[in-house]
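Enquirer: Pasting entry.txt below, which is compact mmCIF, C-alpha atoms.
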```txt
# COMPACT_ATOMS: atom_id res chain seq x y z
CA MET Z 1 -4.62 10.95 -8.08
CA ALA Z 2 -3.83 9.74 -4.56
CA THR Z 3 -4.31 12.36 -1.90
CA ASN Z 4 -1.43 14.34 -0.47
CA GLU Z 5 -2.72 14.00 3.09
CA ALA Z 6 -0.11 13.02 5.65
CA LEU Z 7 0.46 9.29 6.03
CA THR Z 8 2.56 7.39 8.47
CA PRO Z 9 4.64 5.64 5.82
CA ALA Z 10 5.84 2.15 6.56
CA ILE Z 11 7.52 1.85 3.16
CA MET Z 12 9.12 4.37 0.82
CA GLY Z 13 8.91 3.25 -2.80
CA ARG Z 14 10.98 4.59 -5.68
CA CYS Z 15 11.33 4.14 -9.41
CA PRO Z 16 14.67 2.69 -10.60
CA CYS Z 17 16.27 6.10 -11.21
CA GLY Z 18 15.06 7.45 -7.84
CA ALA Z 19 13.40 10.57 -9.25
CA SER Z 20 9.83 9.46 -8.42
CA SER Z 21 8.78 8.28 -4.99
CA ILE Z 22 5.69 7.22 -3.08
CA ALA Z 23 4.96 6.57 0.59
CA ILE Z 24 3.01 3.40 1.34
CA GLU Z 25 1.23 3.26 4.69
CA GLN Z 26 1.22 -0.53 4.94
CA MET Z 27 2.46 -3.47 2.91
CA PRO Z 28 -0.06 -4.53 0.26
CA LYS Z 29 -1.68 -7.93 0.73
CA VAL Z 30 -2.37 -8.69 -2.94
CA ARG Z 31 0.18 -9.27 -5.71
CA PHE Z 32 -0.32 -10.61 -9.23
CA TYR Z 33 1.22 -10.82 -12.69
CA CYS Z 34 -0.67 -9.13 -15.52
CA HIS Z 35 0.00 -10.09 -19.13
CA CYS Z 36 -2.38 -7.59 -20.79
CA THR Z 37 -0.93 -5.78 -23.77
CA ILE Z 38 -0.93 -2.45 -21.93
CA CYS Z 39 1.10 -3.84 -19.01
CA GLN Z 40 3.47 -5.37 -21.57
CA SER Z 41 4.03 -1.91 -23.04
CA VAL Z 42 4.30 -0.05 -19.70
CA TYR Z 43 6.33 -2.48 -17.58
CA PRO Z 44 9.86 -3.54 -18.43
CA GLY Z 45 9.83 -7.23 -19.29
CA ASN Z 46 6.99 -9.38 -20.53
CA TYR Z 47 4.30 -8.60 -17.94
CA GLY Z 48 3.37 -6.39 -15.03
CA ASP Z 49 4.26 -7.51 -11.51
CA ALA Z 50 1.92 -5.42 -9.38
CA THR Z 51 0.47 -5.11 -5.91
CA LEU Z 52 -2.97 -3.79 -5.05
CA MET Z 53 -4.11 -1.56 -2.17
CA LEU Z 54 -6.48 1.26 -1.35
CA ALA Z 55 -5.29 4.52 -2.92
CA LYS Z 56 -5.70 6.32 0.40
CA LYS Z 57 -2.82 4.16 1.71
CA VAL Z 58 -0.42 5.64 -0.87
CA LYS Z 59 0.93 9.16 -1.11
CA VAL Z 60 2.81 10.48 -4.11
CA GLN Z 61 5.90 12.17 -2.69
CA THR Z 62 7.08 13.71 -5.97
CA PRO Z 63 3.96 14.63 -7.98
CA ASP Z 64 5.89 16.72 -10.54
CA THR Z 65 7.99 13.71 -11.56
CA ILE Z 66 5.13 11.33 -12.42
CA GLU Z 67 3.04 11.47 -15.58
CA PHE Z 68 -0.38 9.81 -15.37
CA THR Z 69 -1.83 8.40 -18.61
CA ARG Z 70 -5.06 6.57 -19.34
CA HIS Z 71 -4.37 3.99 -22.07
CA LEU Z 72 -8.03 3.15 -22.71
CA GLN Z 73 -10.59 5.71 -23.86
CA LYS Z 74 -13.21 4.44 -21.43
CA GLY Z 75 -12.34 3.36 -17.91
CA GLY Z 76 -9.22 1.46 -17.17
CA LEU Z 77 -6.28 2.37 -15.05
CA GLU Z 78 -4.63 5.74 -14.99
CA ARG Z 79 -1.00 4.62 -15.05
CA GLY Z 80 1.70 6.81 -13.56
CA THR Z 81 5.23 6.54 -14.90
CA CYS Z 82 8.39 8.39 -13.95
CA LYS Z 83 9.08 11.22 -16.37
CA SER Z 84 12.83 10.50 -16.17
CA CYS Z 85 13.19 6.71 -16.49
CA LYS Z 86 9.68 5.93 -17.89
CA HIS Z 87 9.19 3.08 -15.38
CA PRO Z 88 5.77 2.63 -13.75
CA VAL Z 89 5.43 4.08 -10.25
CA MET Z 90 1.74 3.52 -9.50
CA ALA Z 91 -1.64 3.31 -11.20
CA LEU Z 92 -5.04 4.40 -10.00
CA LEU Z 93 -8.47 2.92 -10.64
CA ASP Z 94 -11.86 4.43 -9.91
CA GLY Z 95 -14.53 1.77 -10.04
CA PRO Z 96 -18.28 2.24 -9.67
CA GLY Z 97 -19.24 1.82 -6.03
CA LEU Z 98 -15.67 1.15 -4.92
CA PRO Z 99 -13.05 3.28 -3.22
CA GLN Z 100 -10.15 4.35 -5.41
CA LEU Z 101 -7.58 1.57 -5.78
CA ALA Z 102 -3.81 1.85 -6.27
CA PHE Z 103 -1.68 -0.60 -8.19
CA VAL Z 104 1.97 -0.34 -7.16
CA PRO Z 105 4.62 -2.25 -9.12
CA ALA Z 106 6.44 -4.75 -6.92
CA ALA Z 107 9.73 -3.31 -8.23
CA VAL Z 108 8.91 0.06 -6.63
CA ILE Z 109 8.72 -1.55 -3.18
CA PRO Z 110 12.20 -1.97 -1.66
CA ASP Z 111 13.71 -5.45 -1.89
CA GLN Z 112 14.20 -5.69 1.87
CA ALA Z 113 10.45 -5.24 2.42
CA ASP Z 114 8.35 -8.34 3.02
CA LYS Z 115 6.42 -8.24 -0.26
CA PRO Z 116 3.44 -10.54 -0.69
CA LYS Z 117 3.88 -13.52 -2.96
CA SER Z 118 2.09 -13.36 -6.28
CA ALA Z 119 -1.24 -15.17 -6.33
CA ARG Z 120 -1.85 -15.64 -10.06
CA HIS Z 121 -1.35 -14.61 -13.69
CA ILE Z 122 -4.17 -12.71 -15.40
CA PHE Z 123 -4.72 -11.91 -19.09
CA TYR Z 124 -2.36 -14.83 -19.73
CA GLY Z 125 -3.81 -15.39 -23.21
CA THR Z 126 -1.95 -12.30 -24.49
CA ARG Z 127 1.40 -13.34 -22.96
CA THR Z 128 4.55 -12.93 -25.01
CA VAL Z 129 6.37 -15.76 -23.22
CA ASP Z 130 5.24 -18.80 -21.27
CA VAL Z 131 5.87 -18.67 -17.53
CA ASP Z 132 6.84 -21.92 -15.83
CA ASP Z 133 5.50 -21.66 -12.29
CA ASN Z 134 2.71 -23.26 -10.27
CA LEU Z 135 0.49 -20.17 -10.13
CA PRO Z 136 -2.97 -20.24 -11.71
CA LYS Z 137 -3.09 -18.70 -15.17
CA THR Z 138 -6.26 -17.13 -16.54
CA ASN Z 139 -6.89 -16.24 -20.19
CA GLY Z 140 -9.31 -13.65 -21.55
CA ASP Z 141 -10.62 -10.30 -20.39
CA LYS Z 142 -13.83 -11.41 -18.68
CA ALA Z 143 -12.32 -14.49 -17.05
CA SER Z 144 -9.32 -12.50 -15.79
CA MET Z 145 -11.56 -9.83 -14.29
CA LEU Z 146 -13.78 -12.47 -12.72
CA VAL Z 147 -10.93 -14.31 -10.99
CA PHE Z 148 -9.36 -11.01 -9.90
CA THR Z 149 -12.57 -9.67 -8.30
CA PRO Z 150 -12.05 -11.53 -4.96
CA SER Z 151 -8.64 -9.84 -4.64
CA VAL Z 152 -10.23 -6.45 -5.18
CA LEU Z 153 -12.90 -7.20 -2.60
CA ARG Z 154 -10.27 -8.42 -0.14
CA VAL Z 155 -8.47 -5.06 -0.44
CA VAL Z 156 -11.67 -3.02 -0.22
CA PHE Z 157 -13.00 -4.78 2.86
CA SER Z 158 -9.72 -5.21 4.71
CA GLY Z 159 -9.29 -1.41 4.72
```
Take the structure in this file and express it as structure tokens.
Expert:
Amino acid sequence: MATNEALTPAIMGRCPCGASSIAIEQMPKVRFYCHCTICQSVYPGNYGDATLMLAKKVKVQTPDTIEFTRHLQKGGLERGTCKSCKHPVMALLDGPGLPQLAFVPAAVIPDQADKPKSARHIFYGTRTVDVDDNLPKTNGDKASMLVFTPSVLRVVFSG
């Protein structure tokens, strides 16, 4: 889980019911839409609308209100949802040789914040509805991970 060290929060994020909150040190630079079947089951709607940042840039303000669950037996994200409203608050990923990453739903970030624009759709092959926009759409597990890797590296090396 993200550390509870003091941050200088630029943004306070909350779930829809307000019970769960996080402090984000700086606005994320990466945003994407994920159509994997797990995101479809965790996020309201047909896909996940998430941002990506280093986990050390996020502090859980209300740790007792968030339940973290790993939906895959091996690896994968540890997704945190509000115990009250069941909406996603943040997810964490530990990758080999990488710092811990945090995925924060765009809906958790206040509307008045200058959120990044989404860059692409991943795992589009498992979508439940077609999305009519001009963003690139990538099907399949391996292809989605491959096209998403530069975004991960951008976050890791931009600090």
Enquirer: Could you put an axis-aligned box around every listed atom of region 17-23 of chain Z, padded by 4 Å on each side, and send me its centre and edge lengths in Å to one decimal, as JSON?
Expert:
```
{"center_x": 10.6, "center_y": 8.3, "center_z": -5.3, "size_x": 19.3, "size_y": 12.5, "size_z": 19.8}
```
Enquirer: Pick the closest to Gly76 (chain Z) from Z:Cys36, Z:Val60, Z:Ala23, Z:Val156: which is it, counting all atoms listed in the file?
Expert: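 Closest residue, counting all atoms listed in the file: Z:Cys36.
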Enquirer: Find the residues near Val152 (chain Z): any atom within 9 Å, counting all atoms listed in the file, skip ones fewer than 6 places away on the same chain, and give them as a PDB file with C-alpha atoms, in the coordinates of the input.
Expert:
```pdb
ATOM      1  CA  VAL Z  30      -2.370  -8.690  -2.940  1.00  0.00           C
ATOM      2  CA  LEU Z  52      -2.970  -3.790  -5.050  1.00  0.00           C
ATOM      3  CA  MET Z  53      -4.110  -1.560  -2.170  1.00  0.00           C
ATOM      4  CA  LEU Z 101      -7.580   1.570  -5.780  1.00  0.00           C
TER       5      LEU Z 101
END
```
Enquirer: Point out the residue among Z:Pro110, Z:Val104, Z:Val155, Z:Glu67 with the least atom-to-atom distance to Met12 (chain Z), counting only C-alpha atoms.
Expert: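 Closest to Met12 (chain Z) of all the choices is Z:Pro110.
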Enquirer: Just how far from CA of Ala50 (chain Z) is CA of Phe157 (chain Z), in Å to one decimal?
Expert: 19.3 Å
Enquirer: Pick the closest to Ala19 (chain Z) from Z:Leu72, Z:Leu77, Z:Ala107, Z:Cys85: which is it, counting only C-alpha atoms?
Expert: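 Once distances to Ala19 (chain Z) are computed over only C-alpha atoms, the minimum belongs to Z:Cys85.
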Enquirer: Could you list, as a short mmCIF file (atom, residue, chain, number, x, y, z; two decimals) with C-alpha atoms, in the coordinates of the input, every residue within 12 Å of Leu93 (chain Z), counting all atoms listed in the file and ignoring same-chain residues fewer than 4 positions away?
Expert:
```
data_model
loop_
_atom_site.label_atom_id
_atom_site.label_comp_id
_atom_site.auth_asym_id
_atom_site.auth_seq_id
_atom_site.Cartn_x
_atom_site.Cartn_y
_atom_site.Cartn_z
CA MET Z 1 -4.62 10.95 -8.08
CA ALA Z 2 -3.83 9.74 -4.56
CA LEU Z 52 -2.97 -3.79 -5.05
CA MET Z 53 -4.11 -1.56 -2.17
CA LEU Z 54 -6.48 1.26 -1.35
CA ALA Z 55 -5.29 4.52 -2.92
CA LYS Z 56 -5.70 6.32 0.40
CA PHE Z 68 -0.38 9.81 -15.37
CA THR Z 69 -1.83 8.40 -18.61
CA ARG Z 70 -5.06 6.57 -19.34
CA LYS Z 74 -13.21 4.44 -21.43
CA GLY Z 75 -12.34 3.36 -17.91
CA GLY Z 76 -9.22 1.46 -17.17
CA LEU Z 77 -6.28 2.37 -15.05
CA GLU Z 78 -4.63 5.74 -14.99
CA ARG Z 79 -1.00 4.62 -15.05
CA GLY Z 80 1.70 6.81 -13.56
CA GLY Z 97 -19.24 1.82 -6.03
CA LEU Z 98 -15.67 1.15 -4.92
CA PRO Z 99 -13.05 3.28 -3.22
CA GLN Z 100 -10.15 4.35 -5.41
CA LEU Z 101 -7.58 1.57 -5.78
CA ALA Z 102 -3.81 1.85 -6.27
CA PHE Z 103 -1.68 -0.60 -8.19
CA VAL Z 104 1.97 -0.34 -7.16
CA VAL Z 152 -10.23 -6.45 -5.18
#
```
Enquirer: I need the residue nearest Ile66 (chain Z) from this list: Z:Val129, Z:Cys15, Z:Ile24, Z:Leu135. Use only C-alpha atoms for the distance.
Expert: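 The answer is Z:Cys15, which sits nearest to Ile66 (chain Z).
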Enquirer: Can you work out which one of Z:Tyr33, Z:Asn134, Z:Ile122, Z:Ala10 has the shortest atom-to-atom distance to Leu146 (chain Z), counting all atoms listed in the file?
Expert: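 Between Z:Tyr33, Z:Asn134, Z:Ile122, Z:Ala10, the residue approaching Leu146 (chain Z) most closely is Z:Ile122.
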Enquirer: Just to confirm, what's the straight-line distance from CA of Lys83 (chain Z) to CA of Gly18 (chain Z) in Å (one decimal)?
Expert: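 We find that CA of Lys83 (chain Z) and CA of Gly18 (chain Z) lie 11.1 Å from each other.
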Enquirer: With N, CA and C atoms as the target, complete region 142-158 of chain Z and hand it back as an mmCIF file, in the frame of the given file.
Expert:
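Okay, this is what ended up in out-v8.cif:
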```
data_model
loop_
_atom_site.group_PDB
_atom_site.id
_atom_site.type_symbol
_atom_site.label_atom_id
_atom_site.label_comp_id
_atom_site.auth_asym_id
_atom_site.auth_seq_id
_atom_site.Cartn_x
_atom_site.Cartn_y
_atom_site.Cartn_z
ATOM 1 N N LYS Z 142 -12.767 -11.180 -19.661
ATOM 2 C CA LYS Z 142 -13.830 -11.410 -18.680
ATOM 3 C C LYS Z 142 -13.390 -12.405 -17.611
ATOM 4 N N ALA Z 143 -12.764 -13.486 -18.023
ATOM 5 C CA ALA Z 143 -12.320 -14.490 -17.050
ATOM 6 C C ALA Z 143 -11.267 -13.910 -16.103
ATOM 7 N N SER Z 144 -10.356 -13.112 -16.625
ATOM 8 C CA SER Z 144 -9.320 -12.500 -15.790
ATOM 9 C C SER Z 144 -9.935 -11.550 -14.774
ATOM 10 N N MET Z 145 -10.897 -10.753 -15.218
ATOM 11 C CA MET Z 145 -11.560 -9.830 -14.290
ATOM 12 C C MET Z 145 -12.360 -10.596 -13.241
ATOM 13 N N LEU Z 146 -12.976 -11.670 -13.650
ATOM 14 C CA LEU Z 146 -13.780 -12.470 -12.720
ATOM 15 C C LEU Z 146 -12.902 -13.088 -11.628
ATOM 16 N N VAL Z 147 -11.776 -13.683 -12.006
ATOM 17 C CA VAL Z 147 -10.930 -14.310 -10.990
ATOM 18 C C VAL Z 147 -10.192 -13.279 -10.143
ATOM 19 N N PHE Z 148 -10.046 -12.056 -10.645
ATOM 20 C CA PHE Z 148 -9.360 -11.010 -9.900
ATOM 21 C C PHE Z 148 -10.287 -10.285 -8.924
ATOM 22 N N THR Z 149 -11.593 -10.375 -9.148
ATOM 23 C CA THR Z 149 -12.570 -9.670 -8.300
ATOM 24 C C THR Z 149 -12.427 -10.007 -6.814
ATOM 25 N N PRO Z 150 -12.244 -11.259 -6.403
ATOM 26 C CA PRO Z 150 -12.050 -11.530 -4.960
ATOM 27 C C PRO Z 150 -10.852 -10.790 -4.368
ATOM 28 N N SER Z 151 -9.804 -10.597 -5.143
ATOM 29 C CA SER Z 151 -8.640 -9.840 -4.640
ATOM 30 C C SER Z 151 -9.007 -8.392 -4.420
ATOM 31 N N VAL Z 152 -9.773 -7.824 -5.330
ATOM 32 C CA VAL Z 152 -10.230 -6.450 -5.180
ATOM 33 C C VAL Z 152 -11.085 -6.321 -3.934
ATOM 34 N N LEU Z 153 -12.017 -7.239 -3.767
ATOM 35 C CA LEU Z 153 -12.900 -7.200 -2.600
ATOM 36 C C LEU Z 153 -12.114 -7.374 -1.300
ATOM 37 N N ARG Z 154 -11.114 -8.225 -1.334
ATOM 38 C CA ARG Z 154 -10.270 -8.420 -0.140
ATOM 39 C C ARG Z 154 -9.609 -7.090 0.265
ATOM 40 N N VAL Z 155 -9.105 -6.355 -0.710
ATOM 41 C CA VAL Z 155 -8.470 -5.060 -0.440
ATOM 42 C C VAL Z 155 -9.496 -4.056 0.069
ATOM 43 N N VAL Z 156 -10.635 -3.981 -0.592
ATOM 44 C CA VAL Z 156 -11.670 -3.020 -0.220
ATOM 45 C C VAL Z 156 -12.158 -3.257 1.206
ATOM 46 N N PHE Z 157 -12.401 -4.507 1.555
ATOM 47 C CA PHE Z 157 -13.000 -4.780 2.860
ATOM 48 C C PHE Z 157 -12.008 -4.999 3.984
ATOM 49 N N SER Z 158 -10.713 -5.095 3.646
ATOM 50 C CA SER Z 158 -9.720 -5.210 4.710
ATOM 51 C C SER Z 158 -9.225 -3.834 5.142
#
```
